[in-house]
>>> print(open('query-v7.cif').read())   # mmCIF, C-alpha atoms
data_start
loop_
_atom_site.group_PDB
_atom_site.id
_atom_site.type_symbol
_atom_site.label_atom_id
_atom_site.label_comp_id
_atom_site.auth_asym_id
_atom_site.auth_seq_id
_atom_site.Cartn_x
_atom_site.Cartn_y
_atom_site.Cartn_z
ATOM 1 C CA MET A 1 0.000 0.000 0.000
ATOM 2 C CA SER A 2 1.496 3.333 -1.033
ATOM 3 C CA ALA A 3 1.154 6.667 0.724
ATOM 4 C CA ARG A 4 -1.395 8.972 -0.824
ATOM 5 C CA SER A 5 -0.397 12.169 -2.513
ATOM 6 C CA SER A 6 -1.272 15.375 -0.663
ATOM 7 C CA VAL A 7 -1.203 19.053 -1.541
ATOM 8 C CA GLU A 8 -1.108 22.160 0.651
ATOM 9 C CA ILE A 9 -3.991 24.578 0.173
ATOM 10 C CA THR A 10 -4.620 27.980 1.736
ATOM 11 C CA ILE A 11 -8.132 28.894 2.792
ATOM 12 C CA ALA A 12 -9.622 32.114 4.130
ATOM 13 C CA ARG A 13 -11.211 30.505 7.190
ATOM 14 C CA ILE A 14 -12.833 27.460 8.709
ATOM 15 C CA ALA A 15 -16.546 28.271 8.792
ATOM 16 C CA HIS A 16 -17.768 25.198 10.686
ATOM 17 C CA GLU A 17 -16.455 21.914 12.077
ATOM 18 C CA THR A 18 -18.215 18.642 12.858
ATOM 19 C CA VAL A 19 -16.767 15.384 14.155
ATOM 20 C CA ASP A 20 -16.180 14.158 10.584
ATOM 21 C CA ALA A 21 -15.515 17.238 8.442
ATOM 22 C CA MET A 22 -14.908 20.953 8.231
ATOM 23 C CA LEU A 23 -16.619 23.570 6.096
ATOM 24 C CA VAL A 24 -13.969 25.920 4.727
ATOM 25 C CA GLU A 25 -14.219 29.224 2.935
ATOM 26 C CA THR A 26 -11.829 29.374 0.008
ATOM 27 C CA GLN A 27 -9.805 32.419 -1.004
ATOM 28 C CA ASP A 28 -12.371 33.090 -3.769
ATOM 29 C CA GLY A 29 -15.350 32.938 -1.379
ATOM 30 C CA ARG A 30 -16.646 29.412 -2.057
ATOM 31 C CA GLU A 31 -17.635 27.049 0.744
ATOM 32 C CA VAL A 32 -16.308 23.476 0.539
ATOM 33 C CA TRP A 33 -16.655 20.534 2.934
ATOM 34 C CA LEU A 34 -13.392 18.689 3.640
ATOM 35 C CA PRO A 35 -13.698 15.331 5.412
ATOM 36 C CA PHE A 36 -11.082 14.921 8.138
ATOM 37 C CA SER A 37 -10.261 11.482 6.686
ATOM 38 C CA GLN A 38 -8.741 13.344 3.706
ATOM 39 C CA VAL A 39 -6.909 16.006 5.751
ATOM 40 C CA ASP A 40 -3.328 15.279 6.823
ATOM 41 C CA LYS A 41 -2.451 18.533 8.594
ATOM 42 C CA ILE A 42 -4.080 21.809 9.637
ATOM 43 C CA GLU A 43 -1.945 24.877 10.325
ATOM 44 C CA ARG A 44 -3.935 27.688 11.921
ATOM 45 C CA ARG A 45 -2.206 31.049 11.902
ATOM 46 C CA PRO A 46 -3.283 33.333 14.740
ATOM 47 C CA GLY A 47 -3.960 36.932 13.888
ATOM 48 C CA ASN A 48 -4.605 36.836 10.151
ATOM 49 C CA GLY A 49 -7.215 34.051 10.097
ATOM 50 C CA ILE A 50 -5.526 32.321 7.152
ATOM 51 C CA VAL A 51 -5.355 28.549 7.445
ATOM 52 C CA LYS A 52 -3.088 26.150 5.544
ATOM 53 C CA ILE A 53 -4.325 22.590 5.110
ATOM 54 C CA LEU A 54 -2.582 19.510 3.745
ATOM 55 C CA VAL A 55 -5.337 17.630 1.924
ATOM 56 C CA ALA A 56 -5.534 14.611 -0.380
ATOM 57 C CA ASP A 57 -4.542 15.609 -3.911
ATOM 58 C CA TRP A 58 -7.607 14.018 -5.534
ATOM 59 C CA LEU A 59 -9.954 16.041 -3.299
ATOM 60 C CA ALA A 60 -8.097 19.300 -3.947
ATOM 61 C CA ARG A 61 -8.407 18.715 -7.692
ATOM 62 C CA LYS A 62 -12.079 17.668 -7.442
ATOM 63 C CA GLU A 63 -12.992 20.805 -5.498
ATOM 64 C CA ASP A 64 -10.727 23.061 -7.618
ATOM 65 C CA LEU A 65 -8.579 23.987 -4.607
ATOM 66 C CA ALA A 66 -5.147 23.321 -6.104
#
>>> encode(input="query-v7.cif", output="structure tokens")
Amino acid sequence: MSARSSVEITIARIAHETVDAMLVETQDGREVWLPFSQVDKIERRPGNGIVKILVADWLARKEDLA
């Protein structure tokens, strides 16, 4: 089994979180659900509200995030 490919994306903010997923607001104002099962890392930056997320490559492409 090989490791999945991931890509770092930058979002404007996390709008909502549940146990299984987070609703993010993209830099262009769209809202997209990201399941935590496809998120490898979340880097929250205090002060500016910008969040960097390492997410599965296939999901980033599907949602036009990368």
>>> resolve_selection(input="query-v7.cif", expression="the PyMOL selection byres ((chain A and resi 60) around 12)", output="ChimeraX atom specification")
/A:5-11,26,32-35,38-39,53-59,61-66
>>> atom_distance(input="query-v7.cif", atom1="CA of Arg4 (chain A)", atom2="CA of Pro46 (chain A)")
29.0 Å
>>> axis_aligned_box(input="query-v7.cif", around="region 42-46 of chain A", padding_each_side="3 Å", output="lines of an AutoDock Vina configuration file")
center_x = -3.0
center_y = 27.6
center_z = 12.2
size_x = 8.1
size_y = 17.5
size_z = 11.1
>>> closest_residue(input="query-v7.cif", among="A:Lys41, A:Arg30, A:Lys52, A:Glu25", to="Ala12 (chain A)", atoms="only C-alpha atoms")
A:Glu25
>>> closest_residue(input="query-v7.cif", among="A:Glu31, A:Ser37, A:Ile42, A:Gly49", to="Val19 (chain A)", atoms="all atoms listed in the file")
A:Ser37
>>> residues_around(input="query-v7.cif", residues="Thr18 (chain A)", least_positions_apart="2", cutoff="12 Å", atoms="all atoms listed in the file", output="list in words")
Ile14, Ala15, His16, Asp20, Ala21, Met22, Leu23, Val24, Trp33, Leu34, Pro35 and Phe36 of chain A
